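Coordinates from upload.cif are shown below (mmCIF, C-alpha atoms).
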data_structure
loop_
_atom_site.label_atom_id
_atom_site.label_comp_id
_atom_site.auth_asym_id
_atom_site.auth_seq_id
_atom_site.Cartn_x
_atom_site.Cartn_y
_atom_site.Cartn_z
CA MET D 289 1.42 9.19 20.07
CA THR D 290 -0.80 6.11 20.43
CA SER D 291 -0.70 3.74 17.46
CA PRO D 292 -3.61 1.54 16.33
CA LEU D 293 -1.03 -1.24 16.06
CA THR D 294 -0.59 -1.31 19.85
CA SER D 295 -3.62 -3.54 20.34
CA LEU D 296 -2.20 -6.15 17.95
CA GLY D 297 0.48 -7.21 20.40
CA LEU D 298 3.57 -6.39 18.35
CA THR D 299 6.80 -6.74 20.30
CA ILE D 300 9.02 -5.20 17.61
CA PRO D 301 8.16 -2.15 15.47
CA VAL D 302 8.73 -3.98 12.20
CA ILE D 303 6.32 -4.56 9.30
CA ALA D 304 6.91 -7.18 6.60
CA ALA D 305 5.83 -5.10 3.64
CA PRO D 306 3.37 -6.56 1.12
CA MET D 307 5.13 -7.33 -2.17
CA SER D 308 2.68 -8.19 -4.91
CA GLY D 309 3.47 -10.60 -7.69
CA GLY D 310 4.62 -13.49 -5.52
CA PRO D 311 7.43 -12.53 -3.09
CA THR D 312 5.06 -12.17 -0.13
CA THR D 313 3.74 -15.60 0.80
CA THR D 314 1.39 -16.60 3.60
CA ALA D 315 4.35 -18.26 5.30
CA MET D 316 6.18 -14.93 5.30
CA VAL D 317 3.15 -13.15 6.81
CA VAL D 318 2.91 -15.73 9.59
CA ALA D 319 6.68 -15.68 10.20
CA ALA D 320 6.61 -11.90 10.60
CA ALA D 321 3.97 -12.24 13.31
CA HIS D 322 5.87 -15.02 15.08
CA ALA D 323 8.92 -12.74 15.14
CA GLY D 324 6.86 -10.09 16.94
CA GLY D 325 6.08 -7.87 13.96
CA LEU D 326 3.23 -7.66 11.47
CA GLY D 327 2.91 -9.19 8.01
CA PHE D 328 0.60 -8.17 5.18
CA VAL D 329 -1.14 -10.33 2.60
CA ALA D 330 -0.38 -8.75 -0.79
CA ALA D 331 -3.72 -8.63 -2.60
CA GLY D 332 -2.53 -6.81 -5.72
CA TYR D 333 -2.62 -8.70 -9.03
CA LYS D 334 -4.64 -11.53 -7.46
CA THR D 335 -8.25 -12.61 -7.87
CA PRO D 336 -10.61 -12.10 -4.91
CA GLN D 337 -10.76 -15.89 -4.57
CA ALA D 338 -6.97 -16.16 -4.27
CA VAL D 339 -6.93 -13.34 -1.70
CA ALA D 340 -9.66 -15.08 0.31
CA ALA D 341 -7.64 -18.30 0.33
CA GLU D 342 -4.52 -16.50 1.58
CA ILE D 343 -6.47 -14.68 4.29
CA SER D 344 -7.95 -17.99 5.46
CA ALA D 345 -4.49 -19.57 5.61
CA VAL D 346 -3.06 -16.73 7.70
CA ARG D 347 -6.16 -16.53 9.90
CA ALA D 348 -5.82 -20.25 10.65
CA ALA D 349 -2.38 -19.54 12.14
CA GLY D 350 -4.04 -17.34 14.78
CA VAL D 351 -1.78 -14.32 14.26
CA PRO D 352 -2.48 -10.63 13.63
CA PHE D 353 -2.02 -9.57 10.00
CA GLY D 354 -2.93 -6.98 7.41
CA VAL D 355 -4.08 -7.01 3.80
CA ASN D 356 -2.79 -4.55 1.21
CA LEU D 357 -4.94 -3.55 -1.76
CA PHE D 358 -4.22 -1.48 -4.86
CA ALA D 359 -6.85 1.27 -4.82
CA PRO D 360 -7.96 2.64 -8.20
CA ASN D 361 -6.49 6.00 -9.11
CA PRO D 362 -7.52 6.67 -12.72
CA VAL D 363 -4.84 8.74 -14.41
CA PRO D 364 -5.73 9.89 -17.95
CA VAL D 365 -3.41 8.35 -20.55
CA THR D 366 -3.50 9.70 -24.09
CA ALA D 367 -3.19 7.34 -27.04
CA ASP D 368 0.05 9.05 -28.10
CA ALA D 369 1.62 8.74 -24.64
CA TYR D 370 0.64 5.07 -24.47
CA ALA D 371 2.05 4.41 -27.94
CA ARG D 372 5.41 5.93 -26.96
CA TYR D 373 5.51 3.81 -23.81
CA ALA D 374 4.56 0.63 -25.69
CA ASP D 375 7.23 1.33 -28.31
CA ALA D 376 9.84 1.68 -25.57
CA LEU D 377 8.79 -1.65 -24.05
CA ALA D 378 8.45 -3.49 -27.36
CA PRO D 379 11.98 -4.98 -27.51
CA GLU D 380 11.60 -6.52 -24.03
CA ALA D 381 8.05 -7.66 -24.77
CA ASP D 382 9.25 -9.39 -27.94
CA ARG D 383 12.10 -11.04 -26.04
CA PHE D 384 9.62 -12.67 -23.66
CA GLY D 385 6.94 -13.37 -26.26
CA ILE D 386 4.49 -10.84 -24.78
CA THR D 387 1.92 -9.11 -26.98
CA LEU D 388 1.22 -5.58 -25.77
CA PRO D 389 -2.33 -4.18 -26.02
CA ARG D 390 -2.83 -1.74 -28.89
CA GLU D 391 -4.73 0.69 -26.65
CA PRO D 392 -4.46 1.57 -22.94
CA ILE D 393 -6.70 -0.59 -20.73
CA GLU D 394 -8.14 0.61 -17.42
CA ASN D 395 -7.97 -2.14 -14.79
CA ASP D 396 -9.16 -1.70 -11.20
CA ASP D 397 -7.69 -5.04 -10.00
CA GLN D 398 -11.23 -6.17 -8.98
CA PHE D 399 -11.06 -3.63 -6.18
CA GLY D 400 -14.78 -3.65 -5.36
CA ALA D 401 -14.92 -7.41 -4.94
CA LYS D 402 -11.88 -7.34 -2.66
CA ILE D 403 -13.46 -4.63 -0.49
CA ASP D 404 -16.63 -6.75 -0.26
CA LEU D 405 -14.44 -9.61 0.97
CA LEU D 406 -12.88 -7.46 3.71
CA LEU D 407 -16.28 -6.18 4.80
CA ALA D 408 -17.76 -9.68 4.93
CA GLU D 409 -14.78 -11.18 6.78
CA PRO D 410 -13.01 -8.27 8.54
CA VAL D 411 -9.24 -8.34 8.97
CA PRO D 412 -7.18 -6.55 11.63
CA VAL D 413 -5.54 -4.08 9.21
CA ALA D 414 -6.23 -3.00 5.63
CA SER D 415 -3.76 -0.82 3.77
CA PHE D 416 -4.10 0.92 0.42
CA THR D 417 -1.57 1.88 -2.22
CA PHE D 418 -1.68 4.08 -5.36
CA GLY D 419 -5.14 5.52 -4.60
CA ILE D 420 -7.29 6.52 -1.61
CA PRO D 421 -10.63 4.73 -1.13
CA ASP D 422 -13.65 6.97 -0.79
CA THR D 423 -14.65 8.19 2.66
CA ALA D 424 -17.70 5.91 2.91
CA MET D 425 -15.62 2.83 2.13
CA ILE D 426 -13.05 3.78 4.76
CA ARG D 427 -15.82 4.39 7.28
CA ASP D 428 -17.40 0.99 6.55
CA LEU D 429 -14.09 -0.80 7.04
CA ARG D 430 -13.41 1.01 10.30
CA ARG D 431 -16.88 0.08 11.56
CA THR D 432 -15.94 -3.59 11.26
CA GLY D 433 -12.95 -2.97 13.53
CA THR D 434 -10.37 -2.88 10.74
CA VAL D 435 -7.51 -0.38 11.09
CA VAL D 436 -7.20 1.53 7.79
CA VAL D 437 -3.72 2.53 6.60
CA GLN D 438 -2.97 4.67 3.54
CA THR D 439 0.38 4.77 1.77
CA VAL D 440 1.59 8.29 0.95
CA THR D 441 4.80 9.87 -0.32
CA SER D 442 4.38 13.53 0.64
CA THR D 443 2.73 15.82 3.16
CA ALA D 444 0.15 16.83 0.54
CA GLU D 445 -0.84 13.19 -0.02
CA ALA D 446 -0.90 12.68 3.75
CA GLU D 447 -3.39 15.52 4.08
CA GLU D 448 -5.60 13.94 1.40
CA ALA D 449 -5.56 10.63 3.26
CA ALA D 450 -6.23 12.23 6.63
CA ALA D 451 -9.21 14.09 5.17
CA ALA D 452 -10.61 10.77 3.91
CA GLY D 453 -10.63 9.42 7.48
CA VAL D 454 -7.84 6.82 7.63
CA ASP D 455 -6.39 5.68 10.96
CA MET D 456 -2.73 5.62 10.03
CA LEU D 457 -0.27 6.47 7.25
CA ALA D 458 2.49 4.41 5.65
CA VAL D 459 5.00 7.06 4.63
CA GLN D 460 7.22 5.96 1.76
CA SER D 461 10.39 7.82 0.82
CA HIS D 462 11.70 8.55 -2.66
CA VAL D 463 14.39 5.86 -2.35
CA ALA D 464 11.88 3.01 -2.08
CA GLY D 465 12.77 0.10 -4.33
CA GLY D 466 10.56 -1.36 -7.03
CA HIS D 467 8.05 1.46 -7.44
CA SER D 468 6.71 4.61 -5.86
CA ALA D 469 3.33 4.53 -4.15
CA THR D 470 2.67 8.15 -5.07
CA LEU D 471 -0.91 9.19 -5.79
CA HIS D 472 0.41 11.47 -8.55
CA PRO D 473 2.64 9.42 -10.87
CA GLN D 474 3.18 12.35 -13.23
CA ARG D 475 5.25 14.07 -10.53
CA ALA D 476 8.52 12.89 -9.02
CA PRO D 477 8.24 12.09 -5.28
CA GLU D 478 9.63 14.54 -2.74
CA THR D 479 13.32 13.96 -2.06
CA LEU D 480 13.23 14.46 1.69
CA ASP D 481 15.16 12.08 3.91
CA LEU D 482 12.70 9.49 5.27
CA GLY D 483 13.12 10.66 8.86
CA GLN D 484 12.39 14.24 7.80
CA LEU D 485 9.36 13.14 5.80
CA VAL D 486 8.03 11.11 8.73
CA ARG D 487 8.37 14.10 11.04
CA ALA D 488 6.76 16.46 8.52
CA VAL D 489 3.79 14.12 7.98
CA ILE D 490 3.23 13.67 11.72
CA ASP D 491 3.40 17.42 12.29
CA THR D 492 0.98 18.02 9.41
CA THR D 493 -1.65 15.36 10.12
CA GLU D 494 -1.07 14.23 13.74
CA LEU D 495 -1.70 10.65 12.53
CA PRO D 496 0.55 7.74 13.56
CA VAL D 497 2.98 6.67 10.87
CA ILE D 498 4.67 3.56 9.49
CA ALA D 499 7.97 4.48 7.77
CA ALA D 500 8.94 2.72 4.54
CA GLY D 501 11.43 3.00 1.73
CA GLY D 502 15.19 2.47 1.74
CA LEU D 503 15.36 0.87 5.20
CA SER D 504 17.93 -1.92 5.20
CA THR D 505 19.57 -1.96 8.65
CA ALA D 506 18.56 -1.93 12.29
CA ALA D 507 20.09 1.54 12.54
CA ASP D 508 17.80 2.73 9.72
CA VAL D 509 14.77 1.43 11.60
CA ALA D 510 15.93 2.99 14.86
CA GLY D 511 16.38 6.31 13.08
CA VAL D 512 12.83 6.53 11.78
CA VAL D 513 11.42 5.35 15.12
CA ARG D 514 13.33 8.19 16.77
CA ALA D 515 11.79 10.52 14.18
CA GLY D 516 8.36 9.49 15.45
CA ALA D 517 7.35 6.45 13.37
CA ALA D 518 5.35 3.79 15.19
CA ALA D 519 6.86 1.08 13.00
CA ALA D 520 8.99 0.57 9.92
#

Take the structure I supplied and represent it as structure tokens, if you would.
Amino acid sequence: MTSPLTSLGLTIPVIAAPMSGGPTTTAMVVAAAHAGGLGFVAAGYKTPQAVAAEISAVRAAGVPFGVNLFAPNPVPVTADAYARYADALAPEADRFGITLPREPIENDDQFGAKIDLLLAEPVPVASFTFGIPDTAMIRDLRRTGTVVVQTVTSTAEAEEAAAAGVDMLAVQSHVAGGHSATLHPQRAPETLDLGQLVRAVIDTTELPVIAAGGLSTAADVAGVVRAGAAAA
């Protein structure tokens, strides 16, 4: 299966995953490219201006790269459910001097402004996590030459993403650290082995796949590549 990543000149099938909140720096993105892989600017939790500055810094290094955005996925939260969650977090919040909001707040992470940035100054790859952009937005990005990648955790989510018109899927297993990129946070992710999930997604959608979640050794990477992943 031909991968959209082929044209980027990767010499190893390894992606430096975007980690929002600080761990992924521009230096890490550039280093991943110099090693023969592909790094991603982590746009989550940042202002559009900060994202633009990081893109400019990576672009100046003359290497291929991607940008990962948190796509809105409004999930209804009742006041009672929020209150229970806030009560559970209260001891830790107090310990760090954090005041929790009294009501749930919907925050789209300035998604629209970040999309405008990527349309005005196209990047090689744009990936999305937590939600799927609408079809028109995906089409507009692809028209600029950007490869669009959607993170999914099941074959059902993969079908949703394929129907929206993405180029490629980042398939994350249930053992991923930190958080799950599921589109349906009320449901536990499927517990398939990552290699099995990769194979199932490819068979279901016929889209090229990046494998993610619980990969910590070269043997792990080789295993998912044998299962059909274009990269890990």

Counting only C-alpha atoms, the option among D:Val486, D:Ile403, D:Ala499, D:Ala510 closest to Asp422 (chain D):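 For Asp422 (chain D), the nearest of the given residues is D:Ile403.
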
Residues in the PyMOL selection byres ((chain D and resi 390) around 9), expressed as number ranges by chain: D: 370-371, 374, 387-389, 391-392

Atoms to include: C-alpha atoms. Write the selected residues as a PDB file, in the coordinates of the input.
ATOM      1  CA  TYR D 370       0.640   5.070 -24.470  1.00  0.00           C
ATOM      2  CA  ALA D 371       2.050   4.410 -27.940  1.00  0.00           C
ATOM      3  CA  ALA D 374       4.560   0.630 -25.690  1.00  0.00           C
ATOM      4  CA  THR D 387       1.920  -9.110 -26.980  1.00  0.00           C
ATOM      5  CA  LEU D 388       1.220  -5.580 -25.770  1.00  0.00           C
ATOM      6  CA  PRO D 389      -2.330  -4.180 -26.020  1.00  0.00           C
ATOM      7  CA  GLU D 391      -4.730   0.690 -26.650  1.00  0.00           C
ATOM      8  CA  PRO D 392      -4.460   1.570 -22.940  1.00  0.00           C
TER       9      PRO D 392
END

Output check: residues returned by the PyMOL selection byres ((chain D and resi 307-320) around 8), as a PyMOL selection string: chain D and resi 303-306+321-333+342+345-346+349+351+353

If you keep C-alpha atoms, can you produce a file of those selected residues as a PDB file, keeping the file's coordinate frame?
ATOM      1  CA  ILE D 303       6.320  -4.560   9.300  1.00  0.00           C
ATOM      2  CA  ALA D 304       6.910  -7.180   6.600  1.00  0.00           C
ATOM      3  CA  ALA D 305       5.830  -5.100   3.640  1.00  0.00           C
ATOM      4  CA  PRO D 306       3.370  -6.560   1.120  1.00  0.00           C
ATOM      5  CA  ALA D 321       3.970 -12.240  13.310  1.00  0.00           C
ATOM      6  CA  HIS D 322       5.870 -15.020  15.080  1.00  0.00           C
ATOM      7  CA  ALA D 323       8.920 -12.740  15.140  1.00  0.00           C
ATOM      8  CA  GLY D 324       6.860 -10.090  16.940  1.00  0.00           C
ATOM      9  CA  GLY D 325       6.080  -7.870  13.960  1.00  0.00           C
ATOM     10  CA  LEU D 326       3.230  -7.660  11.470  1.00  0.00           C
ATOM     11  CA  GLY D 327       2.910  -9.190   8.010  1.00  0.00           C
ATOM     12  CA  PHE D 328       0.600  -8.170   5.180  1.00  0.00           C
ATOM     13  CA  VAL D 329      -1.140 -10.330   2.600  1.00  0.00           C
ATOM     14  CA  ALA D 330      -0.380  -8.750  -0.790  1.00  0.00           C
ATOM     15  CA  ALA D 331      -3.720  -8.630  -2.600  1.00  0.00           C
ATOM     16  CA  GLY D 332      -2.530  -6.810  -5.720  1.00  0.00           C
ATOM     17  CA  TYR D 333      -2.620  -8.700  -9.030  1.00  0.00           C
ATOM     18  CA  GLU D 342      -4.520 -16.500   1.580  1.00  0.00           C
ATOM     19  CA  ALA D 345      -4.490 -19.570   5.610  1.00  0.00           C
ATOM     20  CA  VAL D 346      -3.060 -16.730   7.700  1.00  0.00           C
ATOM     21  CA  ALA D 349      -2.380 -19.540  12.140  1.00  0.00           C
ATOM     22  CA  VAL D 351      -1.780 -14.320  14.260  1.00  0.00           C
ATOM     23  CA  PHE D 353      -2.020  -9.570  10.000  1.00  0.00           C
TER      24      PHE D 353
END

8 Å contact set for region 425-430 of chain D, all atoms listed in the file, chain neighbours under 6 positions out, as a PDB file with C-alpha atoms, in the frame of the given file:
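What landed in part.pdb:
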ATOM      1  CA  LEU D 406     -12.880  -7.460   3.710  1.00  0.00           C
ATOM      2  CA  LEU D 407     -16.280  -6.180   4.800  1.00  0.00           C
ATOM      3  CA  PRO D 410     -13.010  -8.270   8.540  1.00  0.00           C
ATOM      4  CA  VAL D 436      -7.200   1.530   7.790  1.00  0.00           C
ATOM      5  CA  ALA D 452     -10.610  10.770   3.910  1.00  0.00           C
ATOM      6  CA  GLY D 453     -10.630   9.420   7.480  1.00  0.00           C
ATOM      7  CA  VAL D 454      -7.840   6.820   7.630  1.00  0.00           C
TER       8      VAL D 454
END

For CA of Ile300 (chain D) and CA of Gly466 (chain D), the interatomic separation in Å (one decimal):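 Pair CA of Ile300 (chain D) / CA of Gly466 (chain D) returns 25.0 Å.
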
Interatomic distance, CA of Ala451 (chain D) to CA of Thr479 (chain D) (Å, one decimal):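 According to the coordinates, CA of Ala451 (chain D) and CA of Thr479 (chain D) are separated by 23.7 Å.
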
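Ranking D:Ala449, D:Val413, D:Ala469, D:Ala520 by their shortest atom-to-atom distance to Glu494 (chain D), with all atoms listed in the file included, puts D:Ala449 first.
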
Would you mind writing region 373-403 of chain D with N, CA and C atoms, as a PDB file, keeping the file's coordinate frame?
ATOM      1  N   TYR D 373       5.124   4.727 -24.873  1.00  0.00           N
ATOM      2  CA  TYR D 373       5.510   3.810 -23.810  1.00  0.00           C
ATOM      3  C   TYR D 373       5.585   2.381 -24.342  1.00  0.00           C
ATOM      4  N   ALA D 374       4.589   1.984 -25.124  1.00  0.00           N
ATOM      5  CA  ALA D 374       4.560   0.630 -25.690  1.00  0.00           C
ATOM      6  C   ALA D 374       5.745   0.418 -26.626  1.00  0.00           C
ATOM      7  N   ASP D 375       6.083   1.446 -27.406  1.00  0.00           N
ATOM      8  CA  ASP D 375       7.230   1.330 -28.310  1.00  0.00           C
ATOM      9  C   ASP D 375       8.526   1.117 -27.521  1.00  0.00           C
ATOM     10  N   ALA D 376       8.639   1.819 -26.391  1.00  0.00           N
ATOM     11  CA  ALA D 376       9.840   1.680 -25.570  1.00  0.00           C
ATOM     12  C   ALA D 376       9.952   0.287 -24.968  1.00  0.00           C
ATOM     13  N   LEU D 377       8.794  -0.314 -24.650  1.00  0.00           N
ATOM     14  CA  LEU D 377       8.790  -1.650 -24.050  1.00  0.00           C
ATOM     15  C   LEU D 377       8.858  -2.775 -25.080  1.00  0.00           C
ATOM     16  N   ALA D 378       8.605  -2.453 -26.332  1.00  0.00           N
ATOM     17  CA  ALA D 378       8.450  -3.490 -27.360  1.00  0.00           C
ATOM     18  C   ALA D 378       9.619  -4.463 -27.439  1.00  0.00           C
ATOM     19  N   PRO D 379      10.878  -4.002 -27.411  1.00  0.00           N
ATOM     20  CA  PRO D 379      11.980  -4.980 -27.510  1.00  0.00           C
ATOM     21  C   PRO D 379      11.956  -6.013 -26.380  1.00  0.00           C
ATOM     22  N   GLU D 380      11.667  -5.581 -25.150  1.00  0.00           N
ATOM     23  CA  GLU D 380      11.600  -6.520 -24.030  1.00  0.00           C
ATOM     24  C   GLU D 380      10.381  -7.422 -24.150  1.00  0.00           C
ATOM     25  N   ALA D 381       9.257  -6.847 -24.590  1.00  0.00           N
ATOM     26  CA  ALA D 381       8.050  -7.660 -24.770  1.00  0.00           C
ATOM     27  C   ALA D 381       8.295  -8.759 -25.799  1.00  0.00           C
ATOM     28  N   ASP D 382       8.962  -8.398 -26.896  1.00  0.00           N
ATOM     29  CA  ASP D 382       9.250  -9.390 -27.940  1.00  0.00           C
ATOM     30  C   ASP D 382      10.174 -10.486 -27.393  1.00  0.00           C
ATOM     31  N   ARG D 383      11.131 -10.078 -26.575  1.00  0.00           N
ATOM     32  CA  ARG D 383      12.100 -11.040 -26.040  1.00  0.00           C
ATOM     33  C   ARG D 383      11.417 -12.118 -25.206  1.00  0.00           C
ATOM     34  N   PHE D 384      10.323 -11.724 -24.526  1.00  0.00           N
ATOM     35  CA  PHE D 384       9.620 -12.670 -23.660  1.00  0.00           C
ATOM     36  C   PHE D 384       8.328 -13.196 -24.304  1.00  0.00           C
ATOM     37  N   GLY D 385       8.114 -12.874 -25.561  1.00  0.00           N
ATOM     38  CA  GLY D 385       6.940 -13.370 -26.260  1.00  0.00           C
ATOM     39  C   GLY D 385       5.633 -12.771 -25.776  1.00  0.00           C
ATOM     40  N   ILE D 386       5.684 -11.512 -25.306  1.00  0.00           N
ATOM     41  CA  ILE D 386       4.490 -10.840 -24.780  1.00  0.00           C
ATOM     42  C   ILE D 386       3.914  -9.925 -25.858  1.00  0.00           C
ATOM     43  N   THR D 387       2.598 -10.001 -26.042  1.00  0.00           N
ATOM     44  CA  THR D 387       1.920  -9.110 -26.980  1.00  0.00           C
ATOM     45  C   THR D 387       1.300  -7.954 -26.199  1.00  0.00           C
ATOM     46  N   LEU D 388       1.735  -6.752 -26.484  1.00  0.00           N
ATOM     47  CA  LEU D 388       1.220  -5.580 -25.770  1.00  0.00           C
ATOM     48  C   LEU D 388      -0.118  -5.148 -26.347  1.00  0.00           C
ATOM     49  N   PRO D 389      -1.058  -4.700 -25.507  1.00  0.00           N
ATOM     50  CA  PRO D 389      -2.330  -4.180 -26.020  1.00  0.00           C
ATOM     51  C   PRO D 389      -2.105  -3.000 -26.952  1.00  0.00           C
ATOM     52  N   ARG D 390      -2.967  -2.848 -27.923  1.00  0.00           N
ATOM     53  CA  ARG D 390      -2.830  -1.740 -28.890  1.00  0.00           C
ATOM     54  C   ARG D 390      -3.312  -0.418 -28.298  1.00  0.00           C
ATOM     55  N   GLU D 391      -4.193  -0.508 -27.301  1.00  0.00           N
ATOM     56  CA  GLU D 391      -4.730   0.690 -26.650  1.00  0.00           C
ATOM     57  C   GLU D 391      -4.593   0.544 -25.147  1.00  0.00           C
ATOM     58  N   PRO D 392      -4.519   1.670 -24.418  1.00  0.00           N
ATOM     59  CA  PRO D 392      -4.460   1.570 -22.940  1.00  0.00           C
ATOM     60  C   PRO D 392      -5.728   0.931 -22.388  1.00  0.00           C
ATOM     61  N   ILE D 393      -5.579   0.108 -21.346  1.00  0.00           N
ATOM     62  CA  ILE D 393      -6.700  -0.590 -20.730  1.00  0.00           C
ATOM     63  C   ILE D 393      -6.779  -0.200 -19.262  1.00  0.00           C
ATOM     64  N   GLU D 394      -7.937   0.253 -18.829  1.00  0.00           N
ATOM     65  CA  GLU D 394      -8.140   0.610 -17.420  1.00  0.00           C
ATOM     66  C   GLU D 394      -8.499  -0.648 -16.638  1.00  0.00           C
ATOM     67  N   ASN D 395      -7.764  -0.921 -15.563  1.00  0.00           N
ATOM     68  CA  ASN D 395      -7.970  -2.140 -14.790  1.00  0.00           C
ATOM     69  C   ASN D 395      -7.975  -1.777 -13.311  1.00  0.00           C
ATOM     70  N   ASP D 396      -9.079  -2.068 -12.617  1.00  0.00           N
ATOM     71  CA  ASP D 396      -9.160  -1.700 -11.200  1.00  0.00           C
ATOM     72  C   ASP D 396      -8.767  -2.839 -10.268  1.00  0.00           C
ATOM     73  N   ASP D 397      -8.183  -3.919 -10.815  1.00  0.00           N
ATOM     74  CA  ASP D 397      -7.690  -5.040 -10.000  1.00  0.00           C
ATOM     75  C   ASP D 397      -8.807  -5.661  -9.159  1.00  0.00           C
ATOM     76  N   GLN D 398     -10.044  -5.614  -9.674  1.00  0.00           N
ATOM     77  CA  GLN D 398     -11.230  -6.170  -8.980  1.00  0.00           C
ATOM     78  C   GLN D 398     -11.351  -5.595  -7.566  1.00  0.00           C
ATOM     79  N   PHE D 399     -11.114  -4.300  -7.479  1.00  0.00           N
ATOM     80  CA  PHE D 399     -11.060  -3.630  -6.180  1.00  0.00           C
ATOM     81  C   PHE D 399     -12.370  -3.781  -5.402  1.00  0.00           C
ATOM     82  N   GLY D 400     -13.499  -3.579  -6.052  1.00  0.00           N
ATOM     83  CA  GLY D 400     -14.780  -3.650  -5.360  1.00  0.00           C
ATOM     84  C   GLY D 400     -15.040  -5.009  -4.734  1.00  0.00           C
ATOM     85  N   ALA D 401     -14.705  -6.062  -5.461  1.00  0.00           N
ATOM     86  CA  ALA D 401     -14.920  -7.410  -4.940  1.00  0.00           C
ATOM     87  C   ALA D 401     -14.009  -7.690  -3.745  1.00  0.00           C
ATOM     88  N   LYS D 402     -12.804  -7.140  -3.783  1.00  0.00           N
ATOM     89  CA  LYS D 402     -11.880  -7.340  -2.660  1.00  0.00           C
ATOM     90  C   LYS D 402     -12.337  -6.561  -1.422  1.00  0.00           C
ATOM     91  N   ILE D 403     -12.895  -5.383  -1.621  1.00  0.00           N
ATOM     92  CA  ILE D 403     -13.460  -4.630  -0.490  1.00  0.00           C
ATOM     93  C   ILE D 403     -14.638  -5.399   0.102  1.00  0.00           C
TER      94      ILE D 403
END
